[in-house]
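Containing TSV, C-alpha atoms and all ligand atoms: coords_29.tsv.
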```tsv
chain	number	residue	atom	x	y	z
A	11	MET	CA	29.36	140.04	157.01
A	12	GLY	CA	26.89	141.30	159.60
A	13	ARG	CA	23.54	142.77	158.63
A	14	GLY	CA	24.56	146.43	158.96
A	15	ASP	CA	28.04	146.00	157.43
A	16	ALA	CA	28.79	148.01	154.32
A	17	ASP	CA	29.23	146.04	151.08
A	18	PRO	CA	32.97	146.40	150.44
A	19	ARG	CA	32.39	146.88	146.72
A	20	GLY	CA	29.52	149.32	147.36
A	21	ARG	CA	27.27	147.92	144.60
A	22	GLY	CA	25.41	145.24	146.50
A	23	ASP	CA	27.04	142.48	144.33
A	24	SER	CA	27.21	138.99	145.78
A	25	LEU	CA	30.54	138.14	147.38
A	26	ILE	CA	30.49	134.69	145.69
A	27	PRO	CA	32.43	135.03	142.43
A	28	GLY	CA	30.67	134.02	139.23
A	29	PRO	CA	31.92	131.33	136.77
A	30	ALA	CA	33.85	133.86	134.66
A	31	ALA	CA	35.66	135.22	137.70
A	32	LEU	CA	36.37	131.68	138.85
A	33	SER	CA	37.90	130.59	135.56
A	34	ALA	CA	40.01	133.76	135.44
A	35	ALA	CA	41.22	133.01	138.95
A	36	ALA	CA	41.96	129.40	138.00
A	37	ALA	CA	43.93	130.54	134.95
A	38	ALA	CA	45.90	133.02	137.06
A	39	ALA	CA	46.62	130.30	139.64
A	40	ALA	CA	47.76	127.90	136.91
A	41	ALA	CA	50.03	130.56	135.42
A	42	ALA	CA	51.47	131.31	138.86
A	43	ALA	CA	52.04	127.59	139.48
A	44	LEU	CA	53.78	127.26	136.11
A	45	LEU	CA	55.97	130.26	136.87
A	46	ALA	CA	56.80	128.86	140.31
A	47	ALA	CA	57.68	125.47	138.78
A	48	LEU	CA	59.95	127.10	136.21
A	49	LEU	CA	61.58	129.17	138.92
A	50	LEU	CA	62.11	126.05	141.04
A	51	LEU	CA	63.68	124.21	138.10
A	52	TRP	CA	65.94	127.16	137.45
A	53	LEU	CA	66.90	127.44	141.11
A	54	GLU	CA	67.61	123.71	141.27
A	55	ASP	CA	69.89	123.92	138.27
A	56	ALA	CA	71.63	127.02	139.53
A	57	GLY	CA	72.38	125.34	142.86
A	58	PRO	CA	75.68	125.16	144.68
A	59	GLY	CA	78.63	124.55	142.44
A	60	ALA	CA	76.96	126.03	139.38
A	61	GLY	CA	79.06	128.30	137.26
A	62	SER	CA	82.39	126.78	138.29
A	63	SER	CA	83.35	128.39	135.14
A	64	MET	CA	85.00	128.69	131.86
A	65	ALA	CA	87.18	131.35	133.44
A	66	LYS	CA	89.46	128.52	134.52
A	67	THR	CA	90.09	127.37	130.96
A	68	GLU	CA	93.44	129.08	130.60
A	69	ALA	CA	94.56	127.83	134.00
A	70	LEU	CA	93.88	124.15	133.24
A	71	PRO	CA	97.20	123.17	131.63
A	72	LYS	CA	99.06	124.68	134.58
A	73	LEU	CA	96.71	123.03	137.09
A	74	ARG	CA	97.21	119.67	135.41
A	75	GLU	CA	100.96	120.10	135.38
A	76	ASP	CA	101.02	120.98	139.08
A	77	PHE	CA	98.77	118.02	139.81
A	78	ARG	CA	101.01	115.56	137.90
A	79	MET	CA	104.03	116.74	139.90
A	80	GLN	CA	102.35	115.48	143.08
A	81	ASN	CA	102.51	111.83	141.90
A	82	LYS	CA	99.13	110.94	143.27
A	83	SER	CA	97.53	107.54	143.33
A	84	VAL	CA	93.93	106.99	142.21
A	85	PHE	CA	91.35	104.22	142.30
A	86	ILE	CA	88.27	103.86	140.16
A	87	LEU	CA	85.20	101.84	141.10
A	88	GLY	CA	83.01	100.95	138.11
A	89	ALA	CA	85.72	101.26	135.45
A	90	SER	CA	83.90	98.74	133.25
A	91	GLY	CA	80.81	100.97	133.05
A	92	GLU	CA	79.99	103.72	130.59
A	93	THR	CA	81.32	106.56	132.72
A	94	GLY	CA	84.12	104.64	134.40
A	95	ARG	CA	85.76	103.46	131.18
A	96	VAL	CA	85.74	106.97	129.67
A	97	LEU	CA	87.14	108.28	132.95
A	98	LEU	CA	89.95	105.73	132.88
A	99	LYS	CA	90.78	106.56	129.26
A	100	GLU	CA	90.92	110.28	129.97
A	101	ILE	CA	93.02	109.81	133.13
A	102	LEU	CA	95.52	107.87	131.02
A	103	GLU	CA	95.50	110.41	128.21
A	104	GLN	CA	96.05	113.29	130.61
A	105	ASN	CA	98.64	111.27	132.52
A	106	LEU	CA	97.40	112.71	135.77
A	107	PHE	CA	98.30	110.00	138.29
A	108	SER	CA	101.44	108.03	139.01
A	109	LYS	CA	99.43	104.96	140.01
A	110	ILE	CA	96.00	103.86	138.78
A	111	THR	CA	94.03	101.02	140.38
A	112	LEU	CA	90.72	99.64	139.21
A	113	ILE	CA	88.61	98.01	141.89
A	114	GLY	CA	85.92	95.77	140.45
A	115	ARG	CA	84.21	92.42	140.57
A	116	ARG	CA	86.01	91.11	137.47
A	117	LYS	CA	89.30	91.55	135.71
A	118	LEU	CA	89.12	93.71	132.62
A	119	THR	CA	91.19	93.10	129.51
A	120	PHE	CA	92.74	95.96	127.56
A	121	ASP	CA	94.59	95.67	124.28
A	122	GLU	CA	96.09	99.13	124.13
A	123	GLU	CA	99.63	99.70	125.33
A	124	ALA	CA	98.51	102.74	127.34
A	125	TYR	CA	96.72	100.46	129.83
A	126	LYS	CA	99.66	98.21	130.59
A	127	ASN	CA	100.48	99.82	133.95
A	128	VAL	CA	96.92	99.92	135.20
A	129	ASN	CA	96.56	97.81	138.35
A	130	GLN	CA	93.48	95.77	139.01
A	131	GLU	CA	92.03	94.55	142.28
A	132	VAL	CA	89.28	92.00	141.88
A	133	VAL	CA	87.05	92.00	144.93
A	134	ASP	CA	83.90	90.35	146.24
A	135	PHE	CA	81.65	93.28	147.06
A	136	GLU	CA	79.67	91.08	149.47
A	137	LYS	CA	82.81	90.62	151.57
A	138	LEU	CA	84.55	93.93	151.07
A	139	ASP	CA	86.12	93.93	154.53
A	140	ASP	CA	88.27	91.03	153.35
A	141	TYR	CA	89.66	93.29	150.61
A	142	ALA	CA	90.55	96.34	152.69
A	143	SER	CA	94.08	96.28	151.29
A	144	ALA	CA	92.72	97.09	147.81
A	145	PHE	CA	91.60	100.44	149.16
A	146	GLN	CA	94.83	101.35	150.85
A	147	GLY	CA	97.17	104.15	149.84
A	148	HIS	CA	95.11	106.02	147.24
A	149	ASP	CA	95.00	109.81	147.37
A	150	VAL	CA	91.96	110.16	145.15
A	151	GLY	CA	88.98	107.87	144.48
A	152	PHE	CA	86.26	107.96	141.85
A	153	CYS	CA	83.08	105.97	142.34
A	154	CYS	CA	81.10	105.30	139.15
A	155	LEU	CA	79.45	102.18	140.51
A	156	GLY	CA	75.78	101.55	139.99
A	157	THR	CA	73.06	99.29	138.69
A	158	THR	CA	69.39	99.61	137.85
A	159	ARG	CA	66.29	98.32	139.54
A	160	LYS	CA	65.35	96.59	136.31
A	161	LYS	CA	68.63	94.71	136.24
A	162	ALA	CA	69.10	93.88	139.91
A	163	GLY	CA	65.63	94.26	141.46
A	164	ALA	CA	64.90	96.82	144.18
A	165	GLU	CA	66.98	94.98	146.79
A	166	GLY	CA	69.91	94.46	144.44
A	167	PHE	CA	69.85	98.09	143.41
A	168	VAL	CA	70.04	99.25	147.04
A	169	ARG	CA	72.82	96.75	147.71
A	170	VAL	CA	74.99	98.11	144.89
A	171	ASP	CA	74.13	101.81	144.81
A	172	ARG	CA	74.06	102.27	148.58
A	173	ASP	CA	75.78	99.42	150.44
A	174	TYR	CA	78.69	98.72	148.07
A	175	VAL	CA	79.33	102.43	147.55
A	176	LEU	CA	79.22	103.24	151.26
A	177	LYS	CA	81.42	100.30	152.29
A	178	SER	CA	83.93	101.19	149.56
A	179	ALA	CA	83.99	104.79	150.77
A	180	GLU	CA	84.56	103.65	154.37
A	181	LEU	CA	87.48	101.43	153.35
A	182	ALA	CA	88.92	104.17	151.14
A	183	LYS	CA	88.78	106.66	153.99
A	184	ALA	CA	90.42	104.15	156.35
A	185	GLY	CA	93.04	103.50	153.66
A	186	GLY	CA	94.04	107.17	153.50
A	187	CYS	CA	91.99	108.53	150.59
A	188	LYS	CA	91.78	112.30	150.79
A	189	HIS	CA	89.52	113.20	147.89
A	190	PHE	CA	86.46	111.05	147.23
A	191	ASN	CA	84.41	111.68	144.06
A	192	LEU	CA	80.90	110.27	143.90
A	193	LEU	CA	78.89	110.01	140.71
A	194	SER	CA	75.34	110.49	141.95
A	195	SER	CA	72.29	111.73	140.04
A	196	LYS	CA	70.23	114.82	139.35
A	197	GLY	CA	67.37	114.95	141.84
A	198	ALA	CA	69.16	112.86	144.51
A	199	ASP	CA	67.19	113.41	147.68
A	200	LYS	CA	67.20	111.21	150.76
A	201	SER	CA	63.55	112.10	151.47
A	202	SER	CA	62.33	111.35	147.96
A	203	ASN	CA	59.47	108.90	147.45
A	204	PHE	CA	61.31	107.47	144.45
A	205	LEU	CA	63.65	104.64	145.42
A	206	TYR	CA	66.36	105.68	142.94
A	207	LEU	CA	66.53	109.30	144.08
A	208	GLN	CA	66.14	108.35	147.76
A	209	VAL	CA	69.05	105.88	147.61
A	210	LYS	CA	71.25	108.36	145.75
A	211	GLY	CA	70.45	111.06	148.32
A	212	GLU	CA	71.01	108.71	151.24
A	213	VAL	CA	74.37	107.46	150.02
A	214	GLU	CA	75.52	111.03	149.31
A	215	ALA	CA	74.69	112.00	152.91
A	216	ARG	CA	76.23	108.92	154.49
A	217	VAL	CA	79.48	109.29	152.57
A	218	GLU	CA	79.60	112.91	153.70
A	219	GLU	CA	79.52	111.72	157.32
A	220	LEU	CA	82.84	109.97	156.71
A	221	GLN	CA	84.50	113.41	156.59
A	222	PHE	CA	86.87	113.06	153.67
A	223	GLU	CA	89.28	115.99	153.38
A	224	ARG	CA	87.55	116.71	150.09
A	225	TYR	CA	84.28	115.24	148.89
A	226	SER	CA	82.92	116.01	145.41
A	227	VAL	CA	79.43	114.93	144.39
A	228	PHE	CA	78.37	114.98	140.75
A	229	ARG	CA	74.67	115.04	139.94
A	230	PRO	CA	74.26	114.61	136.19
A	231	GLY	CA	70.95	114.31	134.39
A	232	VAL	CA	70.47	111.57	131.80
A	233	LEU	CA	73.88	110.34	130.67
A	234	LEU	CA	74.28	110.62	126.90
A	235	CYS	CA	76.41	107.82	125.47
A	236	ASP	CA	76.21	104.90	123.07
A	237	ARG	CA	75.56	102.40	125.81
A	238	GLN	CA	77.07	98.95	125.21
A	239	GLU	CA	74.37	97.24	127.24
A	240	SER	CA	70.84	97.38	125.78
A	241	ARG	CA	68.53	99.56	127.89
A	242	PRO	CA	65.53	100.37	125.64
A	243	SER	CA	63.87	102.89	127.97
A	244	GLU	CA	67.14	104.77	128.49
A	245	TRP	CA	67.73	104.67	124.72
A	246	LEU	CA	64.32	106.31	124.17
A	247	VAL	CA	65.06	109.02	126.74
A	248	ARG	CA	68.44	109.69	125.10
A	249	LYS	CA	66.80	109.95	121.66
A	250	PHE	CA	64.24	112.35	123.13
A	251	PHE	CA	66.91	114.62	124.61
A	252	GLY	CA	68.97	114.29	121.44
A	253	SER	CA	66.06	115.67	119.43
A	254	LEU	CA	65.54	118.73	121.65
A	255	PRO	CA	67.25	122.07	121.06
A	256	GLU	CA	70.55	122.00	122.94
A	257	SER	CA	69.54	124.71	125.40
A	258	TRP	CA	66.50	122.64	126.50
A	259	ALA	CA	68.30	119.31	126.74
A	260	HIS	CA	71.13	121.03	128.62
A	261	GLY	CA	69.32	121.11	131.97
A	262	TYR	CA	68.35	117.44	131.94
A	263	SER	CA	71.06	115.50	130.16
A	264	VAL	CA	74.81	115.54	129.67
A	265	PRO	CA	77.30	113.57	127.55
A	266	VAL	CA	79.40	111.11	129.56
A	267	ALA	CA	82.54	112.73	128.17
A	268	THR	CA	81.48	116.07	129.67
A	269	VAL	CA	80.91	114.44	133.08
A	270	VAL	CA	84.37	112.90	132.96
A	271	ARG	CA	86.03	116.18	131.98
A	272	ALA	CA	84.18	117.94	134.79
A	273	MET	CA	85.35	115.33	137.32
A	274	LEU	CA	88.98	115.67	136.25
A	275	ASN	CA	89.01	119.43	135.76
A	276	ASN	CA	87.58	119.68	139.26
A	277	ALA	CA	90.07	117.22	140.76
A	278	VAL	CA	93.16	119.04	139.47
A	279	ASN	CA	91.87	122.32	140.83
A	280	PRO	CA	92.67	122.61	144.54
A	281	SER	CA	89.59	123.52	146.49
A	282	GLY	CA	89.25	125.13	149.88
A	283	LYS	CA	85.86	123.47	150.24
A	284	LYS	CA	85.35	120.24	152.10
A	285	LYS	CA	82.30	119.38	150.02
A	286	GLU	CA	81.43	120.31	146.45
A	287	LEU	CA	78.08	119.62	144.81
A	288	LEU	CA	78.11	119.86	141.04
A	289	ASP	CA	74.69	119.80	139.45
A	290	ASN	CA	73.99	119.17	135.78
A	291	ASN	CA	74.62	122.78	134.76
A	292	ALA	CA	77.85	123.01	136.73
A	293	ILE	CA	78.98	119.75	135.10
A	294	HIS	CA	78.29	121.19	131.64
A	295	ASP	CA	80.11	124.36	132.59
A	296	LEU	CA	83.21	122.73	134.06
A	297	GLY	CA	83.25	119.83	131.59
A	298	LYS	CA	83.30	122.21	128.66
A	299	ALA	CA	86.32	124.01	129.97
A	300	ASP	CA	88.56	122.41	127.38
A	301	ASP	CA	88.26	120.16	124.37
A	302	SER	CA	90.53	117.24	125.11
A	303	LEU	CA	87.66	114.74	124.77
A	304	LYS	CA	85.06	114.61	122.04
A	305	PRO	CA	81.58	114.35	123.58
B	401	LIG	N1	72.37	106.22	133.14
B	401	LIG	C1	72.06	107.47	133.42
B	401	LIG	O1	71.45	108.18	132.60
B	401	LIG	C2	72.49	108.06	134.75
B	401	LIG	C3	72.10	109.36	135.05
B	401	LIG	C4	72.55	109.93	136.25
B	401	LIG	C5	73.35	109.20	137.12
B	401	LIG	N2	73.68	107.92	136.83
B	401	LIG	C6	74.53	107.18	137.77
B	401	LIG	O2	75.87	107.23	137.33
B	401	LIG	C7	76.58	106.07	137.77
B	401	LIG	C8	77.33	105.45	136.61
B	401	LIG	O3	76.41	105.17	135.57
B	401	LIG	P1	76.89	104.38	134.26
B	401	LIG	O4	75.73	104.41	133.34
B	401	LIG	O5	78.23	104.86	133.83
B	401	LIG	O6	77.04	102.90	134.89
B	401	LIG	P2	77.11	101.50	134.14
B	401	LIG	O7	77.53	101.65	132.73
B	401	LIG	O8	75.82	100.78	134.39
B	401	LIG	O9	78.29	100.80	134.95
B	401	LIG	C9	78.09	100.43	136.28
B	401	LIG	C10	79.35	99.90	136.92
B	401	LIG	O10	78.99	99.34	138.19
B	401	LIG	C11	79.41	97.97	138.23
B	401	LIG	N3	78.42	97.13	138.87
B	401	LIG	C12	77.10	97.02	138.58
B	401	LIG	N4	76.52	96.08	139.35
B	401	LIG	C13	77.50	95.59	140.14
B	401	LIG	C14	77.53	94.56	141.15
B	401	LIG	N5	76.45	93.89	141.50
B	401	LIG	N6	78.70	94.31	141.76
B	401	LIG	C15	79.81	94.99	141.43
B	401	LIG	N7	79.85	95.95	140.46
B	401	LIG	C16	78.70	96.25	139.84
B	401	LIG	C17	79.54	97.53	136.79
B	401	LIG	O11	80.43	96.43	136.73
B	401	LIG	P3	80.22	95.23	135.68
B	401	LIG	O12	80.73	95.77	134.34
B	401	LIG	O13	81.03	94.15	136.21
B	401	LIG	O14	78.74	94.96	135.62
B	401	LIG	C18	80.06	98.80	136.12
B	401	LIG	O15	81.44	98.91	136.29
B	401	LIG	C19	75.52	105.16	138.39
B	401	LIG	O16	75.57	105.27	139.79
B	401	LIG	C20	74.20	105.71	137.88
B	401	LIG	O17	73.13	105.48	138.78
B	401	LIG	C21	73.29	107.34	135.64
```
Please rewrite the model in this file as structure tokens.
Ligand SMILES: NC(=O)c1ccc[n+]([C@@H]2O[C@H](COP(=O)([O-])OP(=O)(O)OC[C@H]3O[C@@H](n4cnc5c(N)ncnc54)[C@H](OP(=O)(O)O)[C@@H]3O)[C@@H](O)[C@H]2O)c1
Amino acid sequence: MGRGDADPRGRGDSLIPGPAALSAAAAAAAAAALLAALLLLWLEDAGPGAGSSMAKTEALPKLREDFRMQNKSVFILGASGETGRVLLKEILEQNLFSKITLIGRRKLTFDEEAYKNVNQEVVDFEKLDDYASAFQGHDVGFCCLGTTRKKAGAEGFVRVDRDYVLKSAELAKAGGCKHFNLLSSKGADKSSNFLYLQVKGEVEARVEELQFERYSVFRPGVLLCDRQESRPSEWLVRKFFGSLPESWAHGYSVPVATVVRAMLNNAVNPSGKKKELLDNNAIHDLGKADDSLKP
């Protein structure tokens, strides 16, 4: 302010705020930041695909019936994992496909009669091009493949969660697959600084470039299940979410059974959209649309 300028507050007070004013300003800034963070979280969870809706509940039996009549063929990658095996079980119970093929690195054994017509293709994921025939002739594909950095190291994680998934998607597309379903993760972001989220975001984007007729991406939060394999840190996180009120845990975690129901309820429902992105809330919403599976 120049010498002759009027004091804007007209009382000759210093323009430098005192400590009280500063702490009030800091508190207001913190409150605004908190509000903005909450708003961002809410916006993230209400993203595309959210609210796919319970309104479809009554239509589901009819949608399933229509879907069965089309005698479609399906493949599952990762059917030995927590999500994949529940998915397989539910596909069999709903009798949705005329042919089911599991593509994996080892042959799985099933005792139940219901699994007797399930085909299995054992492949070497390091030489997937040699197994192109395993990916041929499926209408729909579900990819529930994945590992952890702890288990496979950073390089091994990228190999499985990006390279194996992408190569499988390429072969599936070449083999005629029309609807590819990718189990990704909440927070997937190809520009993330976190390897896990970056790889998930990158693989989502690269599979999209393959231009499937229909491409559905599922981004669940922490998967709630009684995991067969011991993963202490994941167990702790699950316990934490299990102890929270349901409405709080809802945004950040989801039972595997709900993810599976959401995947199937979505698949039987014809969509005009080329790409669908179902976030954790949308998965809860669509996965709750009937009660055929206990969470
Ligand atoms: N855990 C969570 O809270 C969480 C949250 C959000 C998203 N996700 C994502 O959801 C997906 C499924 O998770 P999940 O917990 O159901 O998976 P999971 O139980 O760990 O099962 C992973 C599947 O991938 C296969 N696999 C792992 N390493 C492999 C390798 N080197 N070569 C070939 N196959 C391999 C496994 O086969 P084998 O049985 O032969 O090992 C298994 O079928 C993953 O992509 C994961 O990142 C997980």
task: Name each residue within 6 Å of ligand LIG 401 (chain B), counting all atoms listed in the file, as a PyMOL selection string.
output: chain A and resi 88-94+115-116+154-157+170+193-195+230-233
A:Ser243 environment, 12 Å, all atoms listed in the file, sequence neighbours closer than 6 positions dropped, as a list in words: Thr158, Lys160, Val232, Arg237, Lys249 and Phe250 of chain A
field: Spatial neighbours of A:Ala182, max dist 8 Å, all atoms listed in the file, sep filter under 2 positions, as number ranges by chain
entry: A: 145-146, 148, 151, 178-180, 184-187
message: Applying 7 Å and all atoms listed in the file, which residues near stretch 206-213 of chain A remain after dropping the ones on its own chain fewer than 6 positions away? List them as an MDAnalysis selection string.
response: chainID A and resid 168 172 176 194:195 197:200
- prompt: Between atom CA of A:Val175 and atom CA of A:Pro242, what is the distance, to one decimal in Å?
  reply: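 Rounded to one decimal, the two atoms are 26.0 Å apart.
Atom pair atom CA of A:Lys117 / atom CA of A:Lys183: separated by 23.7 Å.
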message: Need the shell around A:Met273: protein/DNA/RNA residues with any atom at most 9 Å away, counting only C-alpha atoms. Skip same-chain ones fewer than 2 positions apart. Format as a list in words?
response: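 Selected residues are Leu97, Phe152, Asn191, Ser226, Phe228, Thr268, Val269, Val270, Arg271, Asn275, Asn276, Ala277, Val278, Ile293, Leu296 and Gly297 of chain A.
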Same residues, C-alpha atoms, output as a PDB file, keeping the file's coordinate frame:
```
ATOM      1  CA  LEU A  97      87.140 108.280 132.950  1.00  0.00           C
ATOM      2  CA  PHE A 152      86.260 107.960 141.850  1.00  0.00           C
ATOM      3  CA  ASN A 191      84.410 111.680 144.060  1.00  0.00           C
ATOM      4  CA  SER A 226      82.920 116.010 145.410  1.00  0.00           C
ATOM      5  CA  PHE A 228      78.370 114.980 140.750  1.00  0.00           C
ATOM      6  CA  THR A 268      81.480 116.070 129.670  1.00  0.00           C
ATOM      7  CA  VAL A 269      80.910 114.440 133.080  1.00  0.00           C
ATOM      8  CA  VAL A 270      84.370 112.900 132.960  1.00  0.00           C
ATOM      9  CA  ARG A 271      86.030 116.180 131.980  1.00  0.00           C
ATOM     10  CA  ASN A 275      89.010 119.430 135.760  1.00  0.00           C
ATOM     11  CA  ASN A 276      87.580 119.680 139.260  1.00  0.00           C
ATOM     12  CA  ALA A 277      90.070 117.220 140.760  1.00  0.00           C
ATOM     13  CA  VAL A 278      93.160 119.040 139.470  1.00  0.00           C
ATOM     14  CA  ILE A 293      78.980 119.750 135.100  1.00  0.00           C
ATOM     15  CA  LEU A 296      83.210 122.730 134.060  1.00  0.00           C
ATOM     16  CA  GLY A 297      83.250 119.830 131.590  1.00  0.00           C
TER      17      GLY A 297
END
```
Top pick for closest residue to A:Leu205, considering A:Gly282, A:Gly261, A:Gly166, A:Pro71 and counting all atoms listed in the file: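 Looking only at the distances to A:Leu205, the closest residue turns out to be A:Gly166.
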Shell around A:Asp134 at 9 Å using all atoms listed in the file, local window under 5 positions removed, as an NGL selection string: :A and (114-115 or 140-141)
Selection above as a file: C-alpha atoms, as a compact mmCIF listing (two decimals), in the frame of the given file:
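As written to disk, again31.txt reads:
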```txt
# COMPACT_ATOMS: atom_id res chain seq x y z
CA GLY A 114 85.92 95.77 140.45
CA ARG A 115 84.21 92.42 140.57
CA ASP A 140 88.27 91.03 153.35
CA TYR A 141 89.66 93.29 150.61
```
field: Two-atom distance - atom CA of A:Asn81, atom CA of A:Leu181 (Å)
entry: 21.6 Å
- prompt: When distances are computed from all atoms listed in the file, which of A:Lys188, A:Tyr174, A:Cys153, A:Ala162 shows the smallest separation from A:Asp139?
  reply: A:Tyr174
Output as lines of an AutoDock Vina configuration file the centre and edge lengths (Å, one decimal) of the box along x, y and z of the file that holds every listed atom of stretch 90-101 of chain A after adding 8 Å on each side.
```
center_x = 86.5
center_y = 104.5
center_z = 131.8
size_x = 29.0
size_y = 27.5
size_z = 21.1
```
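For the choices A:Val266, A:Leu287, A:Leu98, A:Ala164, the atom-to-atom distance to A:Glu214 is smallest for A:Leu287 when using all atoms listed in the file.
Nearest to A:Leu106 of all the residues A:Ala142, A:Glu223, A:Asn127, A:Leu274 is A:Leu274, based on all atoms listed in the file.
Of the listed residues (A:Leu138, A:Val217, A:Ala272, A:Leu70), A:Ala272 comes nearest to A:His294; the distances count only C-alpha atoms.
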